[in-house]
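Report on the structure given below.
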4 protein chains.
Amino acid sequence: MSKEIKKIGVFTSGGDSPGMNAAVRSVVRTCAFHNIECVGIYQGYEGIMNGDFEVLGARSVKGIINKGGTILKSARSKEFRTKEGRKKAHDQLVKAGIDALVAIGGDGTFTGAMIFNEEFGFPVMGIPGTIDNDIFGTTHTLGFDTALNTVVEAIDKIRDTASSHNRLFFIEVMGRDVGHIALNVGIAGGAEEILIPEEDLGLDRLVESLNKSRTSGKSSSIVIVAEGDKIGKNIFELKDFVDENMEGYDVRVSVLGHMQRGGSPSCFDRVLASRMGVKAVESLMEGKTNYMVGLKNNKMELTPLNQAIKGKSKINLELLRVSDIMST
Amino acid sequence: MSKEIKKIGVFTSGGDSPGMNAAVRSVVRTCAFHNIECVGIYQGYEGIMNGDFEVLGARSVKGIINKGGTILKSARSKEFRTKEGRKKAHDQLVKAGIDALVAIGGDGTFTGAMIFNEEFGFPVMGIPGTIDNDIFGTTHTLGFDTALNTVVEAIDKIRDTASSHNRLFFIEVMGRDVGHIALNVGIAGGAEEILIPEEDLGLDRLVESLNKSRTSGKSSSIVIVAEGDKIGKNIFELKDFVDENMEGYDVRVSVLGHMQRGGSPSCFDRVLASRMGVKAVESLMEGKTNYMVGLKNNKMELTPLNQAIKGKSKINLELLRVSDIMST
Amino acid sequence: MSKEIKKIGVFTSGGDSPGMNAAVRSVVRTCAFHNIECVGIYQGYEGIMNGDFEVLGARSVKGIINKGGTILKSARSKEFRTKEGRKKAHDQLVKAGIDALVAIGGDGTFTGAMIFNEEFGFPVMGIPGTIDNDIFGTTHTLGFDTALNTVVEAIDKIRDTASSHNRLFFIEVMGRDVGHIALNVGIAGGAEEILIPEEDLGLDRLVESLNKSRTSGKSSSIVIVAEGDKIGKNIFELKDFVDENMEGYDVRVSVLGHMQRGGSPSCFDRVLASRMGVKAVESLMEGKTNYMVGLKNNKMELTPLNQAIKGKSKINLELLRVSDIMST
Amino acid sequence: MSKEIKKIGVFTSGGDSPGMNAAVRSVVRTCAFHNIECVGIYQGYEGIMNGDFEVLGARSVKGIINKGGTILKSARSKEFRTKEGRKKAHDQLVKAGIDALVAIGGDGTFTGAMIFNEEFGFPVMGIPGTIDNDIFGTTHTLGFDTALNTVVEAIDKIRDTASSHNRLFFIEVMGRDVGHIALNVGIAGGAEEILIPEEDLGLDRLVESLNKSRTSGKSSSIVIVAEGDKIGKNIFELKDFVDENMEGYDVRVSVLGHMQRGGSPSCFDRVLASRMGVKAVESLMEGKTNYMVGLKNNKMELTPLNQAIKGKSKINLELLRVSDIMST
């Protein structure tokens, strides 16, 4: 039988994403609702090892639901990857009387949590916070929806100038080694072509597609390039390739960069974060451990951390087809 | 065996919602992709009866994916509710050689389409376009996600001034006789209380809740009121009630109104619209009729129109509970 | 000769406006730059009387430049209008060793500061913070530019739905008894008519204008109504009047309300706030008192508080004419 | 005595900027108001030479006031730089009965217009449309204010992630060889340092400034780099320099790129565009030629084109000082 949970620690780790603060708020308030003490841990795993803790009450998280970034800060930790580091972390948690951890982050964060759980039997629960949507066991990671809107707004702006000048734009978007962001913003931004890691379009097909687009009467074009795309050229080389091999194009490149990670979370991400925080705390209270909370069929479901990490979230093939039809 | 579809008419009807243009674009481009002729019909059912048609090619719908409202306009029609009106409409469609209709709108629109299909055996396919999310057979109607973000941004602004002045705000949001918008924006906007038609909280509980909120140290409060709420008082009467029955409150009212219907659609709504347009056209091509396309478990699914209309989409009870916990 | 200023108190008062936080930040950092101690005063004049003070260093105001509302809160005070109240306030300031005050607010705030200065010879400097732009001595009050953008974005959304349905919208905007907001957003929002307190258009001219607009081929129309307009009817009565006296209009009303006061300040307002804070502190250091800092010909200039209050900022008649021409 | 103006041509040229459409609309409607025929010219000077003309009435420019880019398209023309090209252009204008031109663009556009005017005595009037604000004779060029807000919103997002990770960000913004955008967004975005072409800070001062910022307790920093900055290193080299010469920094680079040129114009830019269009048309009607309309002391004023081009708009030194104080 599992020990009663009286004190929960919460932290954010890895790349930040919009909705992390809303998730922290939810964990804190759910604890308050159930009369569990809640401790905020700063700087991720570094903070656990250093005992960088602060007790958080319901009012401590006032006014953060709409803030991007994470008030608990995030950091990558080399030391926690060592057994000594994790021992130090465990000592700090025991010393502070913390019974369980809620870890908000991506697969690196979850890997750390899983190992920590296996080594010390310490209860952990994961909340998937990353804009990349590259976690198995949830249709949406926290921040994905917000990042999509941020990128689409940027594409809309670039299209204004693209169509005024009859230009071709290559726009690089985030997503690590999956194409979720690229595929969705490509459709929503009316892109003529979308280059994603899951599909090797090849340069010939790209040239063919651009020529078709030009022939069909389009005077300006946008091509979305996922940062993890495997076409064999980076986005500036792509521009050079088109400059050299195709005539009549005025090609420009835009790398959207880190602004994609920030901003006030969308309604969807705020609600998702609130639901995930409740589910995470209550699952720990029920004695569950080593799981990630996720959204499946509009319900909160648990997935074992090892599955969440290994099983990669797959591209929706229907979207690829929709994209092709839309660029008719 | 169903007749081959060579020409499809598309129209928008009822209250407009963000994403309608993206859906029209998708229907037009999917037709172009399959070499089907596409006809845009202006002013909804009025336009069918008046033969207000325009052939739309792939380039005709350029640059509309990010525009709110509907380029095909919308209107309510009394005449179409009569048998004579519908006969007139059928004559126009036959005359123009239109084989099938894609109707974008809400339950009023679908009721018209269903009756028309039953009377004339004319192939129809519905796309749910309304911000209210009050249609059965889809987890999201077109425009719902955008409206949620629009409302949440407004609430964020109101909260700035509410917390600067320690005020209590009653904010009325749309949603007809369901509380989907209110419930989601209430959670995302950090509301202390949410009044929805599905739950009769009662004035006493409201007063109790506000007092609890004040006692717990909150200096400003926001209460979201769904326009269809059945607490027995409109939002201005609510203000008067609190003014008279509770001390120390500086109460203000904000009715967000029609701005909730407009604006550039979110990434989610643009992708959803694109998927729905493809599914609608291809379903008609497969001989399907009298259905609505919808999103279920992240897939496109068909629901018979009569079920879409009768079965009301239900409030997610988990969200109600999350809302209660978050206002701790 | 004026006494050296070693400690400055800063407060916000009256209706809040976007940019107040940026101004507080600027006052605090300018003090830090000049090695002057800075004290934040909560709740405006109430806070002075109650000694609700907090020492603010350069790092205390981190991360607030982009926040709406005011971290120092605002309140209206009846007690400060009495001689006893002001005596109490003076005692608190003396006790805390505060040598001068920077008052951020509108004419009510400035009236209080001026009387206080006259009675006690206490150095005061005003920063005009109000969305209404109704202060003499500055072309722009803090928050005016942000409010204009907020309102225009709302009008853009309403126009989406107005033009989809061929509707006439009356939209009420803030501005107290001046028409600055209405006039600017009317032009920027493409309104067919603008009703402002400075010009009594009369109902007949309104009807004539709407008819002309209809005749010229406009299918939807937007009329902006300043809250202080003196046409003799409130906005709902205007709707009723048109419903009764004009045919073929589907009229709707939207009262934008308090969301106009909130939101992250525009670049313009943040820069203006930063400039004003520097000027306010350095003017006090130079021994100036009883002035308001303002923007004139793109330069920071001082205006005596009594002139700022009495002289009302006038409507730019050129804009009225531009509005008429644009609605051709 | 100047000939009566009966037909005006309007075109956009050079880099596009938000507000160009609003200016086109204003020119068209002012012509309609005065019963002057208006002709839209596509693709700038290319379009004049090719006779790419379209008559525009008041309703033709409906719904464009809030659109970024330019419906008249823009292009750079080599041919127009030749005497033959300009002769061809003049022939087309005479053939079409066009009496005068309104040219919307930057200094390249104005140079062309001025030469054309000198060679053929053809009446021209300039409207300054560029985000860079690098034109003499107006405190604001069209699009400058919108671009400032676009950039500041991006900086706000980047700061979310910067402060979550304690990072140093170099952010490159547009502005050609002047620092107006950089200086304003640097202040508004709370940057620790701003590198502009007008001031050679030097690498040593930059290092010193960053160290001071770190010492004063700032854990994250943002440095704004104007694209025309003359520090002798591009933004990626700056990053490498800091990586190599300073310890403890996690440095990132973001080049905001072309999204800065797009987007719906701010209220300020829409009003400015409307005023400029009226002034441009009415000045031509009064027989004025070879001028640019501009905003000076909140009034519309004319500046001879040759002065507008030669005299560069100067950096406001007060802003540089404000920036220094704010980064205390």
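Labels for the structure tokens follow display order: chains A, B, ..., residues from 1 in each chain, ligands from 1.
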Could you produce a table of the residues of chain A lying within 6 Å of chain D, with the nearest pair of atoms per residue and their separation in Å rounded to one decimal, using only C-alpha atoms, ordered by chain and increasing residue number, as CSV?
```
residue,atom,partner,partner_atom,distance
A:Gly68,CA,D:Asp160,CA,5.5
A:Gly69,CA,D:Asp160,CA,4.6
A:Thr70,CA,D:Ser164,CA,5.6
A:Lys73,CA,D:Ser164,CA,4.4
A:Ser74,CA,D:His165,CA,5.5
A:Ala154,CA,D:Met259,CA,5.9
A:Lys157,CA,D:Gly262,CA,4.2
A:Ile158,CA,D:Met259,CA,4.7
A:Asp160,CA,D:Gly69,CA,4.6
A:Thr161,CA,D:Gly69,CA,5.3
A:Ser164,CA,D:Lys73,CA,4.4
A:His165,CA,D:Ser74,CA,5.5
A:Ser254,CA,D:Gly257,CA,5.9
A:Gly257,CA,D:Ser254,CA,6.0
A:His258,CA,D:Ile158,CA,5.9
A:Met259,CA,D:Ile158,CA,4.8
A:Gly262,CA,D:Lys157,CA,4.2
A:Gly263,CA,D:Lys157,CA,4.6
```
Residues from last step as file, N, CA, C and O atoms, as a compact mmCIF listing (two decimals), in the first residue's frame:
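This went into part33.txt:
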```
# COMPACT_ATOMS: atom_id res chain seq x y z
N GLY A 68 3.54 33.56 -20.16
CA GLY A 68 4.43 32.61 -20.81
C GLY A 68 5.62 32.29 -19.92
O GLY A 68 5.76 32.86 -18.84
N GLY A 69 6.48 31.41 -20.37
CA GLY A 69 7.64 31.03 -19.58
C GLY A 69 7.26 30.24 -18.34
O GLY A 69 6.18 29.67 -18.28
N THR A 70 8.15 30.22 -17.37
CA THR A 70 7.86 29.50 -16.13
C THR A 70 8.45 30.25 -14.94
O THR A 70 9.64 30.57 -14.93
N LYS A 73 11.41 28.75 -13.26
CA LYS A 73 12.63 28.70 -14.08
C LYS A 73 12.88 27.25 -14.53
O LYS A 73 12.31 26.31 -14.02
N SER A 74 13.74 27.15 -15.50
CA SER A 74 14.08 25.84 -16.02
C SER A 74 15.57 25.80 -16.24
O SER A 74 16.22 26.82 -16.43
N ALA A 154 2.72 34.87 -37.39
CA ALA A 154 3.94 35.33 -38.06
C ALA A 154 3.87 35.05 -39.56
O ALA A 154 4.25 35.88 -40.38
N LYS A 157 1.78 37.56 -41.34
CA LYS A 157 2.49 38.82 -41.56
C LYS A 157 3.45 38.69 -42.74
O LYS A 157 3.57 39.59 -43.57
N ILE A 158 4.15 37.58 -42.79
CA ILE A 158 5.11 37.38 -43.88
C ILE A 158 4.38 37.28 -45.21
O ILE A 158 4.85 37.78 -46.23
N ASP A 160 1.76 38.89 -46.08
CA ASP A 160 1.46 40.25 -46.52
C ASP A 160 2.56 40.78 -47.43
O ASP A 160 2.29 41.31 -48.50
N THR A 161 3.78 40.63 -46.95
CA THR A 161 4.89 41.19 -47.73
C THR A 161 5.23 40.28 -48.91
O THR A 161 5.59 40.76 -49.98
N SER A 164 2.82 41.08 -51.67
CA SER A 164 3.02 42.42 -52.23
C SER A 164 4.18 42.45 -53.22
O SER A 164 4.23 43.28 -54.11
N HIS A 165 5.11 41.53 -53.03
CA HIS A 165 6.33 41.54 -53.85
C HIS A 165 6.47 40.31 -54.74
O HIS A 165 7.51 40.13 -55.36
N SER A 254 13.14 33.09 -43.66
CA SER A 254 12.83 33.59 -42.32
C SER A 254 12.89 32.43 -41.32
O SER A 254 12.19 31.43 -41.49
N GLY A 257 12.52 31.18 -34.96
CA GLY A 257 13.31 31.19 -33.72
C GLY A 257 12.53 31.16 -32.42
O GLY A 257 11.37 30.72 -32.39
N HIS A 258 13.17 31.66 -31.37
CA HIS A 258 12.69 31.44 -30.01
C HIS A 258 11.38 32.13 -29.66
O HIS A 258 10.79 31.81 -28.63
N MET A 259 10.93 33.09 -30.47
CA MET A 259 9.65 33.69 -30.13
C MET A 259 8.53 32.64 -30.13
O MET A 259 7.50 32.82 -29.49
N GLY A 262 7.45 31.47 -26.55
CA GLY A 262 6.91 32.38 -25.55
C GLY A 262 5.47 32.77 -25.78
O GLY A 262 4.78 32.20 -26.61
N GLY A 263 5.04 33.76 -25.07
CA GLY A 263 3.71 34.31 -25.26
C GLY A 263 2.70 33.78 -24.28
O GLY A 263 2.88 32.72 -23.67
```
Tell me which protein, DNA and RNA residues are within 10 Å of range 239-250 of chain C, counting only C-alpha atoms, leaving out same-chain ones fewer than 6 positions away, and put them as an mmCIF file with C-alpha atoms, in the first residue's frame.
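And here's part-v3.cif as it stands now:
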```
data_model
loop_
_atom_site.group_PDB
_atom_site.id
_atom_site.type_symbol
_atom_site.label_atom_id
_atom_site.label_comp_id
_atom_site.auth_asym_id
_atom_site.auth_seq_id
_atom_site.Cartn_x
_atom_site.Cartn_y
_atom_site.Cartn_z
ATOM 1 C CA ALA C 162 -21.366 43.077 -39.653
ATOM 2 C CA HIS C 165 -24.826 39.849 -42.289
ATOM 3 C CA ASN C 166 -25.250 43.311 -43.826
ATOM 4 C CA ARG C 167 -25.850 44.804 -40.431
ATOM 5 C CA LEU C 168 -25.660 48.254 -38.863
ATOM 6 C CA PHE C 169 -23.668 48.356 -35.623
ATOM 7 C CA PHE C 170 -23.619 51.098 -33.024
ATOM 8 C CA LEU C 203 -30.522 62.642 -35.299
ATOM 9 C CA LEU C 206 -27.391 60.694 -38.628
ATOM 10 C CA VAL C 207 -30.355 59.326 -40.538
ATOM 11 C CA LEU C 210 -26.871 56.357 -42.984
ATOM 12 C CA ASN C 211 -29.199 56.675 -45.942
ATOM 13 C CA ARG C 214 -26.747 52.776 -48.001
ATOM 14 C CA SER C 219 -24.305 46.910 -47.249
ATOM 15 C CA SER C 220 -23.021 47.113 -43.679
ATOM 16 C CA SER C 221 -22.285 50.108 -41.521
ATOM 17 C CA LYS C 233 -30.148 59.387 -26.660
#
```
- [ ] Work out how far CA of Lys296 in chain B is from CA of Phe33 in chain B, in Å to one decimal.
- [x]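 Interatomic distance here is 25.3 Å.
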Task: Contacts of Val278 in chain D at 12 Å (only C-alpha atoms; same-chain gap of 5+ positions) as a VMD selection string - done: (chain C and resid 318 to 319 321 to 326) or (chain D and resid 22 to 34 102 125 127 271 to 273 283 to 285 293 to 294 300 to 301)
Task: Per-residue DSSP, range 56-259 of chain A, filtered to alpha helix (DSSP H), as a PyMOL selection string - done: chain A and resi 83-95+107-120+144-165+180-188+203-215+235-245
Open item on the list: Just to confirm, what's the straight-line distance from CA of Pro128 in chain A to CA of Ile315 in chain A in Å (one decimal)?
Closed with: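 That distance, rounded to one decimal, is 17.6 Å.
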Task: Option closest in space to Pro123 in chain B, from B:Ile235, B:Leu148, B:Val223, B:Leu101 [counting only C-alpha atoms] - done: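 Of the candidates, the smallest distance to Pro123 in chain B is held by B:Leu101.
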Task: Nearby residues (only C-alpha atoms) at most 12 Å from Gly228 in chain C, same-chain spacing under 4 positions excluded, as a PyMOL selection string - done: chain C and resi 132+172-182+195-200+224+232-235
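Note that CA of Asn316 in chain B and CA of Lys7 in chain A are 29.5 Å apart.
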TODO: Would you mind listing what lies within 10 Å of Lys95 in chain C as a PyMOL selection string, with only C-alpha atoms counted and same-chain residues fewer than 5 positions away left out?
DONE: chain C and resi 51+89-90
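Minimum atom-to-atom distances from B:Leu56, B:Ile222, B:Ile309, B:Ala96 to Val185 in chain B were compared using only C-alpha atoms, and the lowest value belongs to B:Ile222.
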Task: Test item: residues at most 9 Å from Asn297 in chain A, only C-alpha atoms, excluding those fewer than 4 positions along its chain, as a VMD selection string - done: (chain A and resid 139) or (chain B and resid 296 to 298)
